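Engineer: One file is attached below, query34.cif, containing mmCIF, C-alpha atoms.
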```cif
data_start
#
loop_
_atom_site.label_atom_id
_atom_site.label_comp_id
_atom_site.auth_asym_id
_atom_site.auth_seq_id
_atom_site.Cartn_x
_atom_site.Cartn_y
_atom_site.Cartn_z
CA ARG A 1 10.66 39.46 3.40
CA ALA A 2 13.63 37.15 3.83
CA ARG A 3 13.26 37.49 7.59
CA GLU A 4 9.53 36.71 7.39
CA ARG A 5 10.23 33.63 5.24
CA HIS A 6 12.84 32.47 7.74
CA GLN A 7 10.43 32.92 10.66
CA SER A 8 7.66 31.15 8.72
CA SER A 9 9.86 28.16 7.88
CA TRP A 10 11.06 28.02 11.49
CA CYS A 11 7.44 27.99 12.73
CA HIS A 12 6.52 25.21 10.30
CA SER A 13 9.50 23.16 11.50
CA LEU A 14 8.50 23.67 15.13
CA VAL A 15 4.89 22.64 14.46
CA ARG A 16 6.06 19.58 12.55
CA THR A 17 8.40 18.59 15.39
CA LEU A 18 5.60 18.91 17.94
CA GLN A 19 3.31 16.79 15.77
CA ILE A 20 5.95 14.07 15.52
CA LYS A 21 6.41 14.15 19.28
CA ASN A 22 2.66 13.80 19.78
CA HIS A 23 2.60 10.81 17.40
CA LEU A 24 5.47 9.24 19.28
CA ARG A 25 3.66 9.70 22.56
CA VAL A 26 0.58 7.97 21.18
CA VAL A 27 2.68 5.09 19.83
CA PHE A 28 4.55 4.82 23.13
CA TYR A 29 1.29 4.73 25.06
CA PHE A 30 -0.31 2.03 22.95
CA CYS A 31 2.83 -0.10 22.83
CA PHE A 32 3.98 0.15 26.42
CA SER A 33 0.86 0.95 28.39
CA GLN A 34 0.30 -1.58 31.17
CA ARG A 35 -3.32 -1.95 30.10
CA ARG A 36 -2.47 -3.10 26.59
CA ILE A 37 0.89 -4.79 26.73
CA GLU A 38 -0.32 -8.13 28.07
CA PRO A 39 -3.03 -8.88 25.44
CA CYS A 40 -0.83 -7.62 22.60
CA THR A 41 2.13 -9.66 23.80
CA MET A 42 0.07 -12.82 24.20
CA ARG A 43 -1.45 -12.38 20.74
CA HIS A 44 1.99 -11.76 19.25
CA MET A 45 3.48 -14.76 21.01
CA LYS A 46 0.69 -17.03 19.80
CA SER A 47 1.20 -15.78 16.26
CA LEU A 48 4.94 -16.44 16.43
CA LEU A 49 4.32 -19.88 17.93
CA SER A 50 1.93 -20.79 15.15
CA ARG A 51 4.04 -19.39 12.31
CA PHE A 52 7.61 -20.24 13.19
CA LEU A 53 8.08 -22.37 16.29
CA THR A 54 5.74 -25.22 15.31
CA PRO A 55 7.28 -25.86 11.85
CA PHE A 56 10.75 -25.41 13.34
CA LEU A 57 10.18 -28.08 16.00
CA LEU A 58 8.47 -30.30 13.44
CA GLY A 59 11.47 -29.93 11.15
CA ILE A 60 13.88 -30.87 13.93
CA PHE A 61 11.82 -33.97 14.73
CA LEU A 62 11.68 -35.01 11.07
CA LEU A 63 15.44 -34.57 10.70
CA VAL A 64 16.05 -36.87 13.66
CA TRP A 65 13.37 -39.30 12.48
CA PHE A 66 14.75 -39.72 8.96
CA SER A 67 18.31 -39.84 10.31
CA LEU A 68 17.40 -42.82 12.48
CA PHE A 69 16.04 -44.74 9.49
CA GLN A 70 18.90 -43.88 7.15
CA SER A 71 21.25 -46.78 6.38
CA TRP A 72 24.45 -44.83 6.97
CA GLY A 73 27.34 -46.22 4.97
CA HIS A 74 25.29 -48.01 2.31
CA PHE A 75 22.06 -47.81 0.31
CA VAL A 76 19.45 -50.50 -0.24
CA ASP A 77 18.66 -49.16 -3.71
CA PRO A 78 21.57 -49.28 -6.18
CA ASP A 79 20.42 -46.20 -8.09
CA ALA A 80 21.70 -44.06 -5.24
CA PHE A 81 25.30 -44.96 -6.08
CA THR A 82 24.73 -43.81 -9.68
CA HIS A 83 23.38 -40.46 -8.49
CA ALA A 84 26.29 -40.08 -6.09
CA LYS A 85 28.83 -40.79 -8.82
CA ILE A 86 27.22 -38.44 -11.34
CA ALA A 87 27.06 -35.64 -8.75
CA SER A 88 30.71 -36.28 -7.87
CA LEU A 89 31.75 -36.10 -11.53
CA MET A 90 29.74 -32.91 -11.99
CA VAL A 91 31.61 -31.34 -9.09
CA GLN A 92 34.90 -32.12 -10.84
CA HIS A 93 34.03 -31.61 -14.51
CA GLY A 94 30.71 -29.80 -14.73
CA PRO A 95 27.67 -31.12 -16.63
CA LEU A 96 28.22 -34.54 -18.14
CA HIS A 97 27.80 -35.28 -21.83
CA ALA A 98 28.86 -38.94 -21.62
CA PHE A 99 28.64 -41.71 -19.04
CA PRO A 100 30.48 -44.76 -20.40
CA TRP A 101 29.57 -46.97 -17.44
CA LEU A 102 26.08 -47.32 -18.93
CA ASP A 103 27.39 -48.99 -22.08
CA LEU A 104 24.90 -51.87 -21.78
CA THR A 105 21.92 -49.50 -21.79
CA SER A 106 20.43 -47.08 -24.29
CA LEU A 107 22.24 -44.24 -22.49
CA GLY A 108 25.62 -45.68 -23.38
CA GLU A 109 25.68 -44.12 -26.84
CA ARG A 110 23.51 -41.07 -26.36
CA PHE A 111 23.69 -40.00 -22.74
CA PHE A 112 21.44 -37.34 -21.25
CA ASP A 113 21.07 -36.54 -17.57
CA GLN A 114 17.37 -37.07 -16.85
CA HIS A 115 17.90 -36.05 -13.19
CA PHE A 116 20.06 -33.02 -13.94
CA LEU A 117 18.52 -30.62 -11.39
CA TYR A 118 18.56 -33.31 -8.71
CA HIS A 119 22.27 -33.85 -9.34
CA VAL A 120 22.83 -30.10 -9.20
CA ALA A 121 21.12 -30.06 -5.78
CA LEU A 122 23.39 -32.91 -4.64
CA MET A 123 26.60 -31.18 -5.72
CA PRO A 124 27.11 -29.00 -2.58
CA PHE A 125 26.63 -32.00 -0.28
CA VAL A 126 28.95 -34.21 -2.32
CA ALA A 127 31.57 -31.45 -2.47
CA LEU A 128 31.47 -30.91 1.31
CA PHE A 129 31.02 -34.42 2.69
CA GLY A 130 32.04 -36.79 -0.10
CA ALA A 131 29.96 -38.85 -2.50
CA LEU A 132 28.21 -41.38 -0.26
CA PRO A 133 27.91 -39.35 3.00
CA GLY A 134 26.89 -36.30 1.00
CA ILE A 135 24.01 -37.97 -0.80
CA GLN A 136 22.80 -39.55 2.44
CA ILE A 137 22.77 -36.19 4.24
CA ALA A 138 20.96 -34.70 1.27
CA THR A 139 18.43 -37.55 1.35
CA VAL A 140 17.58 -36.81 4.98
CA LEU A 141 17.24 -33.07 4.29
CA PHE A 142 15.12 -33.57 1.16
CA ALA A 143 12.81 -36.01 2.96
CA THR A 144 12.36 -33.49 5.78
CA LEU A 145 11.71 -30.72 3.28
CA CYS A 146 9.11 -32.87 1.51
CA LEU A 147 7.01 -33.34 4.64
CA LEU A 148 7.45 -29.69 5.65
CA VAL A 149 6.06 -28.72 2.26
CA PHE A 150 3.12 -31.03 2.94
CA TYR A 151 2.63 -29.40 6.35
CA GLY A 152 2.74 -25.90 4.87
CA CYS A 153 0.23 -26.73 2.14
CA VAL A 154 -2.18 -28.48 4.51
CA ARG A 155 -1.95 -25.59 6.93
CA SER A 156 -2.55 -23.05 4.15
CA LEU A 157 -5.67 -24.99 3.19
CA LYS A 158 -6.82 -24.50 6.81
CA THR A 159 -7.09 -28.19 7.50
CA GLU A 160 -7.43 -29.12 11.16
CA ASN A 161 -4.38 -30.61 12.90
CA PRO A 162 -1.78 -30.22 10.11
CA VAL A 163 0.96 -31.51 12.42
CA LEU A 164 -1.01 -34.69 13.05
CA TRP A 165 -1.43 -35.42 9.34
CA THR A 166 2.25 -34.71 8.73
CA LEU A 167 3.21 -37.20 11.44
CA VAL A 168 0.84 -39.77 9.92
CA LEU A 169 2.84 -39.54 6.71
CA ALA A 170 6.13 -39.66 8.60
CA PHE A 171 5.07 -42.88 10.36
CA SER A 172 3.86 -44.49 7.14
CA ALA A 173 6.28 -47.35 6.48
CA PRO A 174 6.06 -47.40 2.64
CA LEU A 175 6.56 -43.63 2.37
CA LEU A 176 9.31 -43.66 4.99
CA GLU A 177 11.15 -46.33 3.03
CA ARG A 178 10.68 -44.52 -0.27
CA LEU A 179 11.89 -41.18 1.05
CA SER A 180 14.97 -42.84 2.56
CA TYR A 181 16.25 -43.94 -0.84
CA GLY A 182 18.96 -41.83 -2.44
CA LYS A 183 16.65 -40.82 -5.27
CA ALA A 184 14.74 -37.79 -6.44
CA SER A 185 11.51 -39.20 -5.00
CA SER A 186 11.26 -36.75 -2.09
CA VAL A 187 11.86 -33.74 -4.34
CA ALA A 188 9.36 -34.98 -6.94
CA ILE A 189 6.69 -35.66 -4.29
CA ALA A 190 7.24 -32.18 -2.82
CA TRP A 191 6.69 -30.54 -6.21
CA PHE A 192 3.62 -32.75 -6.77
CA ILE A 193 2.14 -31.60 -3.46
CA VAL A 194 2.77 -27.97 -4.40
CA GLY A 195 1.05 -28.61 -7.72
CA LEU A 196 -2.04 -30.04 -6.00
CA PHE A 197 -2.05 -27.06 -3.64
CA ALA A 198 -1.92 -24.65 -6.59
CA LEU A 199 -4.79 -26.54 -8.24
CA LEU A 200 -6.97 -26.36 -5.13
CA LYS A 201 -6.16 -22.68 -4.48
CA GLU A 202 -6.37 -21.74 -8.18
CA ARG A 203 -2.85 -20.35 -8.32
CA PRO A 204 -1.70 -20.82 -11.93
CA ARG A 205 1.75 -19.31 -11.42
CA ILE A 206 2.54 -21.64 -8.54
CA GLY A 207 1.13 -24.53 -10.57
CA TRP A 208 3.34 -23.64 -13.53
CA LEU A 209 6.40 -23.50 -11.26
CA ALA A 210 5.46 -26.83 -9.64
CA GLY A 211 5.05 -28.46 -13.04
CA LEU A 212 8.42 -27.15 -14.15
CA GLY A 213 10.11 -28.42 -10.98
CA PHE A 214 8.40 -31.80 -11.17
CA SER A 215 9.41 -32.32 -14.79
#
```
How does the structure come out when it is put into C-alpha cells?
Structural biologist:
Amino acid sequence: RARERHQSSWCHSLVRTLQIKNHLRVVFYFCFSQRRIEPCTMRHMKSLLSRFLTPFLLGIFLLVWFSLFQSWGHFVDPDAFTHAKIASLMVQHGPLHAFPWLDLTSLGERFFDQHFLYHVALMPFVALFGALPGIQIATVLFATLCLLVFYGCVRSLKTENPVLWTLVLAFSAPLLERLSYGKASSVAIAWFIVGLFALLKERPRIGWLAGLGFS
C-alpha cells in the first residue's frame, strides 16, 4: 500500500508538472509569437505613454515654467517671510505655541498656527535648503503639483485635451502670479479641485479627505 501511494503521488506530480509546462508553452506563444508581439507591444506602449510619460513631461515643463517666474532671492508678498520663519522655528523647536513678533495683532496674546500643515510641509525644504531658498523651492513644487492635480482630475473626467487645458491655466497671468507667492494658495487650490472632482464623480470619501485637507 505504501508503495502504491508513493507511485500514485509520483504520477500526480508528473501530471501536474506536464500541465504547468503546457501552460508555460501557451503563455510563451501568446507573449512572444511574431504574429502577436507587434500589436500587443504597440498597445502597451500607447498605454504607458498615456499614463506615465505625458504627465511626467508635463510636470517637467511646469517645474521649469514656475522656476522661470519665481523671484529667486526675494518675495513680492511679505507673508512668505512669515511662513519661512515659522517653518524654520518649527524645524528647531517643534510646533509653536507663541509668536511674539505678532504683538500688534490679535495673535500676539493667543497664538495659533492657522497654516500648521502647510508649515509642516515646508519643514523638509527649510531644513535642507534654508528658510528663503527652501520656501521658494517648495513654492515651485507645490505650484507644479497643483496643476498636475488639475490635469489628473480633468483626465479622469474624460475631458478632451487635458494637457491643453492645463497649459491654459499655466499661461494665465493672475493664476501664475498667485501660485508663485510663498503661500498655501497652491495647496488649497489643489484640494479644492480634488473636492470638485469628488463631487462630480460622487466619491464621498475623496470629498471628505479633500475637505479635511482644504480646511
Engineer: Segment 84-99 of chain A: which residues within 9 Å, counting only C-alpha atoms, same-chain residues fewer than 4 positions away excluded, as a PyMOL selection string?
Structural biologist: chain A and resi 79-80+103+107-113+116+118-124+126-127+130-132+134-135+182
Engineer: Kindly indicate which residue among A:Trp191, A:Phe150, A:Tyr181, A:Phe142 lies nearest to Trp208 of chain A, using only C-alpha atoms for the distances.
Structural biologist: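 Among the listed residues, A:Trp191 lies closest to Trp208 of chain A.
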Engineer: Rounded to one decimal place, report the atom CA of Phe129 of chain A-atom CA of Cys146 of chain A distance in Å.
Structural biologist: 22.0 Å
Engineer: To test your reading of the syntax: which residues would the PyMOL selection byres ((chain A and resi 152) around 10) return for the file shown? Reply as an mmCIF file with C-alpha atoms, in the coordinates of the input.
Structural biologist:
```cif
data_model
loop_
_atom_site.group_PDB
_atom_site.id
_atom_site.type_symbol
_atom_site.label_atom_id
_atom_site.label_comp_id
_atom_site.auth_asym_id
_atom_site.auth_seq_id
_atom_site.Cartn_x
_atom_site.Cartn_y
_atom_site.Cartn_z
ATOM 1 C CA ARG A 51 4.040 -19.390 12.310
ATOM 2 C CA PRO A 55 7.280 -25.860 11.850
ATOM 3 C CA LEU A 147 7.010 -33.340 4.640
ATOM 4 C CA LEU A 148 7.450 -29.690 5.650
ATOM 5 C CA VAL A 149 6.060 -28.720 2.260
ATOM 6 C CA PHE A 150 3.120 -31.030 2.940
ATOM 7 C CA TYR A 151 2.630 -29.400 6.350
ATOM 8 C CA CYS A 153 0.230 -26.730 2.140
ATOM 9 C CA VAL A 154 -2.180 -28.480 4.510
ATOM 10 C CA ARG A 155 -1.950 -25.590 6.930
ATOM 11 C CA SER A 156 -2.550 -23.050 4.150
ATOM 12 C CA LEU A 157 -5.670 -24.990 3.190
ATOM 13 C CA LYS A 158 -6.820 -24.500 6.810
ATOM 14 C CA PRO A 162 -1.780 -30.220 10.110
ATOM 15 C CA VAL A 163 0.960 -31.510 12.420
ATOM 16 C CA THR A 166 2.250 -34.710 8.730
ATOM 17 C CA VAL A 194 2.770 -27.970 -4.400
ATOM 18 C CA PHE A 197 -2.050 -27.060 -3.640
#
```
Engineer: Please, what distance in Å, to one decimal, runs between atom CA of Ala190 of chain A and atom CA of Leu169 of chain A?
Structural biologist: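 We find that atom CA of Ala190 of chain A and atom CA of Leu169 of chain A lie 12.8 Å from each other.
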Engineer: Can you work out the spacing between atom CA of Gln70 of chain A and atom CA of Glu177 of chain A in Å, to one decimal?
Structural biologist: 9.1 Å
Engineer: Taking into account all atoms listed in the file, which residue in the set A:Ile193, A:Leu179, A:Ala188, A:Ile206 is nearest to Ala143 of chain A?
Structural biologist: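 The closest residue to Ala143 of chain A is A:Leu179.
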Engineer: Can you sort out the box for segment 107-126 of chain A, edges along x, y and z, all listed atoms in, 5 Å on every side, with centre and edge lengths in Å to one decimal, as lines of an AutoDock Vina configuration file?
Structural biologist:
```
center_x = 23.2
center_y = -37.3
center_z = -13.6
size_x = 21.6
size_y = 26.7
size_z = 36.6
```
Engineer: Which residues are close to Leu196 of chain A, i.e. within 9 Å by all atoms listed in the file, leaving aside same-chain residues fewer than 5 positions away? Reply as an MDAnalysis selection string.
Structural biologist: chainID A and resid 191 201 207 210
Engineer: Please supply segment 111-122 of chain A, rebuilt with all heavy atoms, as a PDB file, keeping the file's coordinate frame.
Structural biologist:
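Okay, this is what ended up in part.pdb:
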```
ATOM      1  N   PHE A 111      23.967 -40.234 -24.162  1.00  0.00           N
ATOM      2  CA  PHE A 111      23.690 -40.000 -22.740  1.00  0.00           C
ATOM      3  C   PHE A 111      23.034 -38.636 -22.553  1.00  0.00           C
ATOM      4  O   PHE A 111      23.441 -37.634 -23.152  1.00  0.00           O
ATOM      5  CB  PHE A 111      24.981 -40.063 -21.929  1.00  0.00           C
ATOM      6  CG  PHE A 111      24.802 -39.686 -20.483  1.00  0.00           C
ATOM      7  CD1 PHE A 111      24.226 -40.570 -19.593  1.00  0.00           C
ATOM      8  CD2 PHE A 111      25.187 -38.437 -20.030  1.00  0.00           C
ATOM      9  CE1 PHE A 111      24.052 -40.221 -18.266  1.00  0.00           C
ATOM     10  CE2 PHE A 111      25.023 -38.080 -18.705  1.00  0.00           C
ATOM     11  CZ  PHE A 111      24.455 -38.986 -17.822  1.00  0.00           C
ATOM     12  N   PHE A 112      22.018 -38.594 -21.714  1.00  0.00           N
ATOM     13  CA  PHE A 112      21.440 -37.340 -21.250  1.00  0.00           C
ATOM     14  C   PHE A 112      21.062 -37.519 -19.786  1.00  0.00           C
ATOM     15  O   PHE A 112      20.620 -38.585 -19.377  1.00  0.00           O
ATOM     16  CB  PHE A 112      20.205 -36.941 -22.079  1.00  0.00           C
ATOM     17  CG  PHE A 112      19.061 -37.900 -21.974  1.00  0.00           C
ATOM     18  CD1 PHE A 112      18.050 -37.702 -21.052  1.00  0.00           C
ATOM     19  CD2 PHE A 112      19.002 -39.023 -22.804  1.00  0.00           C
ATOM     20  CE1 PHE A 112      16.998 -38.588 -20.947  1.00  0.00           C
ATOM     21  CE2 PHE A 112      17.946 -39.914 -22.701  1.00  0.00           C
ATOM     22  CZ  PHE A 112      16.943 -39.708 -21.778  1.00  0.00           C
ATOM     23  N   ASP A 113      21.296 -36.487 -19.019  1.00  0.00           N
ATOM     24  CA  ASP A 113      21.070 -36.540 -17.570  1.00  0.00           C
ATOM     25  C   ASP A 113      19.598 -36.235 -17.287  1.00  0.00           C
ATOM     26  O   ASP A 113      19.186 -35.065 -17.244  1.00  0.00           O
ATOM     27  CB  ASP A 113      21.983 -35.544 -16.856  1.00  0.00           C
ATOM     28  CG  ASP A 113      22.011 -35.773 -15.354  1.00  0.00           C
ATOM     29  OD1 ASP A 113      21.206 -36.575 -14.862  1.00  0.00           O
ATOM     30  OD2 ASP A 113      22.848 -35.143 -14.680  1.00  0.00           O
ATOM     31  N   GLN A 114      18.804 -37.257 -17.082  1.00  0.00           N
ATOM     32  CA  GLN A 114      17.370 -37.070 -16.850  1.00  0.00           C
ATOM     33  C   GLN A 114      17.058 -36.583 -15.440  1.00  0.00           C
ATOM     34  O   GLN A 114      15.918 -36.209 -15.150  1.00  0.00           O
ATOM     35  CB  GLN A 114      16.629 -38.373 -17.115  1.00  0.00           C
ATOM     36  CG  GLN A 114      17.108 -39.534 -16.249  1.00  0.00           C
ATOM     37  CD  GLN A 114      16.483 -40.842 -16.656  1.00  0.00           C
ATOM     38  OE1 GLN A 114      15.835 -40.930 -17.692  1.00  0.00           O
ATOM     39  NE2 GLN A 114      16.659 -41.871 -15.845  1.00  0.00           N
ATOM     40  N   HIS A 115      18.059 -36.588 -14.551  1.00  0.00           N
ATOM     41  CA  HIS A 115      17.900 -36.050 -13.190  1.00  0.00           C
ATOM     42  C   HIS A 115      18.877 -34.897 -12.969  1.00  0.00           C
ATOM     43  O   HIS A 115      19.480 -34.769 -11.904  1.00  0.00           O
ATOM     44  CB  HIS A 115      18.160 -37.143 -12.147  1.00  0.00           C
ATOM     45  CG  HIS A 115      17.159 -38.250 -12.163  1.00  0.00           C
ATOM     46  ND1 HIS A 115      17.326 -39.406 -12.888  1.00  0.00           N
ATOM     47  CD2 HIS A 115      15.952 -38.370 -11.544  1.00  0.00           C
ATOM     48  CE1 HIS A 115      16.292 -40.202 -12.710  1.00  0.00           C
ATOM     49  NE2 HIS A 115      15.441 -39.597 -11.895  1.00  0.00           N
ATOM     50  N   PHE A 116      19.020 -34.060 -13.972  1.00  0.00           N
ATOM     51  CA  PHE A 116      20.060 -33.020 -13.940  1.00  0.00           C
ATOM     52  C   PHE A 116      19.904 -32.101 -12.728  1.00  0.00           C
ATOM     53  O   PHE A 116      20.863 -31.857 -11.986  1.00  0.00           O
ATOM     54  CB  PHE A 116      20.022 -32.208 -15.233  1.00  0.00           C
ATOM     55  CG  PHE A 116      21.000 -31.073 -15.248  1.00  0.00           C
ATOM     56  CD1 PHE A 116      22.371 -31.313 -15.388  1.00  0.00           C
ATOM     57  CD2 PHE A 116      20.572 -29.764 -15.102  1.00  0.00           C
ATOM     58  CE1 PHE A 116      23.281 -30.273 -15.396  1.00  0.00           C
ATOM     59  CE2 PHE A 116      21.476 -28.712 -15.110  1.00  0.00           C
ATOM     60  CZ  PHE A 116      22.828 -28.975 -15.259  1.00  0.00           C
ATOM     61  N   LEU A 117      18.702 -31.555 -12.503  1.00  0.00           N
ATOM     62  CA  LEU A 117      18.520 -30.620 -11.390  1.00  0.00           C
ATOM     63  C   LEU A 117      18.702 -31.307 -10.036  1.00  0.00           C
ATOM     64  O   LEU A 117      19.178 -30.687  -9.074  1.00  0.00           O
ATOM     65  CB  LEU A 117      17.129 -29.975 -11.471  1.00  0.00           C
ATOM     66  CG  LEU A 117      16.911 -29.036 -12.667  1.00  0.00           C
ATOM     67  CD1 LEU A 117      15.498 -28.450 -12.618  1.00  0.00           C
ATOM     68  CD2 LEU A 117      17.934 -27.913 -12.656  1.00  0.00           C
ATOM     69  N   TYR A 118      18.326 -32.564  -9.948  1.00  0.00           N
ATOM     70  CA  TYR A 118      18.560 -33.310  -8.710  1.00  0.00           C
ATOM     71  C   TYR A 118      20.054 -33.462  -8.459  1.00  0.00           C
ATOM     72  O   TYR A 118      20.524 -33.304  -7.326  1.00  0.00           O
ATOM     73  CB  TYR A 118      17.893 -34.684  -8.805  1.00  0.00           C
ATOM     74  CG  TYR A 118      18.152 -35.575  -7.609  1.00  0.00           C
ATOM     75  CD1 TYR A 118      17.712 -35.219  -6.343  1.00  0.00           C
ATOM     76  CD2 TYR A 118      18.837 -36.777  -7.753  1.00  0.00           C
ATOM     77  CE1 TYR A 118      17.951 -36.025  -5.247  1.00  0.00           C
ATOM     78  CE2 TYR A 118      19.072 -37.597  -6.664  1.00  0.00           C
ATOM     79  CZ  TYR A 118      18.633 -37.213  -5.414  1.00  0.00           C
ATOM     80  OH  TYR A 118      18.868 -38.020  -4.322  1.00  0.00           O
ATOM     81  N   HIS A 119      20.809 -33.737  -9.498  1.00  0.00           N
ATOM     82  CA  HIS A 119      22.270 -33.850  -9.340  1.00  0.00           C
ATOM     83  C   HIS A 119      22.897 -32.503  -9.007  1.00  0.00           C
ATOM     84  O   HIS A 119      23.860 -32.444  -8.239  1.00  0.00           O
ATOM     85  CB  HIS A 119      22.878 -34.427 -10.619  1.00  0.00           C
ATOM     86  CG  HIS A 119      22.442 -35.825 -10.908  1.00  0.00           C
ATOM     87  ND1 HIS A 119      22.329 -36.334 -12.193  1.00  0.00           N
ATOM     88  CD2 HIS A 119      22.049 -36.832 -10.071  1.00  0.00           C
ATOM     89  CE1 HIS A 119      21.918 -37.585 -12.134  1.00  0.00           C
ATOM     90  NE2 HIS A 119      21.732 -37.909 -10.861  1.00  0.00           N
ATOM     91  N   VAL A 120      22.353 -31.435  -9.561  1.00  0.00           N
ATOM     92  CA  VAL A 120      22.830 -30.100  -9.200  1.00  0.00           C
ATOM     93  C   VAL A 120      22.587 -29.830  -7.714  1.00  0.00           C
ATOM     94  O   VAL A 120      23.437 -29.268  -7.013  1.00  0.00           O
ATOM     95  CB  VAL A 120      22.155 -29.024 -10.071  1.00  0.00           C
ATOM     96  CG1 VAL A 120      22.467 -27.622  -9.553  1.00  0.00           C
ATOM     97  CG2 VAL A 120      22.614 -29.154 -11.518  1.00  0.00           C
ATOM     98  N   ALA A 121      21.417 -30.238  -7.216  1.00  0.00           N
ATOM     99  CA  ALA A 121      21.120 -30.060  -5.780  1.00  0.00           C
ATOM    100  C   ALA A 121      22.026 -30.899  -4.904  1.00  0.00           C
ATOM    101  O   ALA A 121      22.323 -30.528  -3.761  1.00  0.00           O
ATOM    102  CB  ALA A 121      19.647 -30.411  -5.520  1.00  0.00           C
ATOM    103  N   LEU A 122      22.497 -32.044  -5.419  1.00  0.00           N
ATOM    104  CA  LEU A 122      23.390 -32.910  -4.640  1.00  0.00           C
ATOM    105  C   LEU A 122      24.831 -32.402  -4.613  1.00  0.00           C
ATOM    106  O   LEU A 122      25.600 -32.766  -3.709  1.00  0.00           O
ATOM    107  CB  LEU A 122      23.384 -34.322  -5.227  1.00  0.00           C
ATOM    108  CG  LEU A 122      22.112 -35.160  -5.081  1.00  0.00           C
ATOM    109  CD1 LEU A 122      22.295 -36.503  -5.771  1.00  0.00           C
ATOM    110  CD2 LEU A 122      21.757 -35.361  -3.611  1.00  0.00           C
TER     111      LEU A 122
END
```
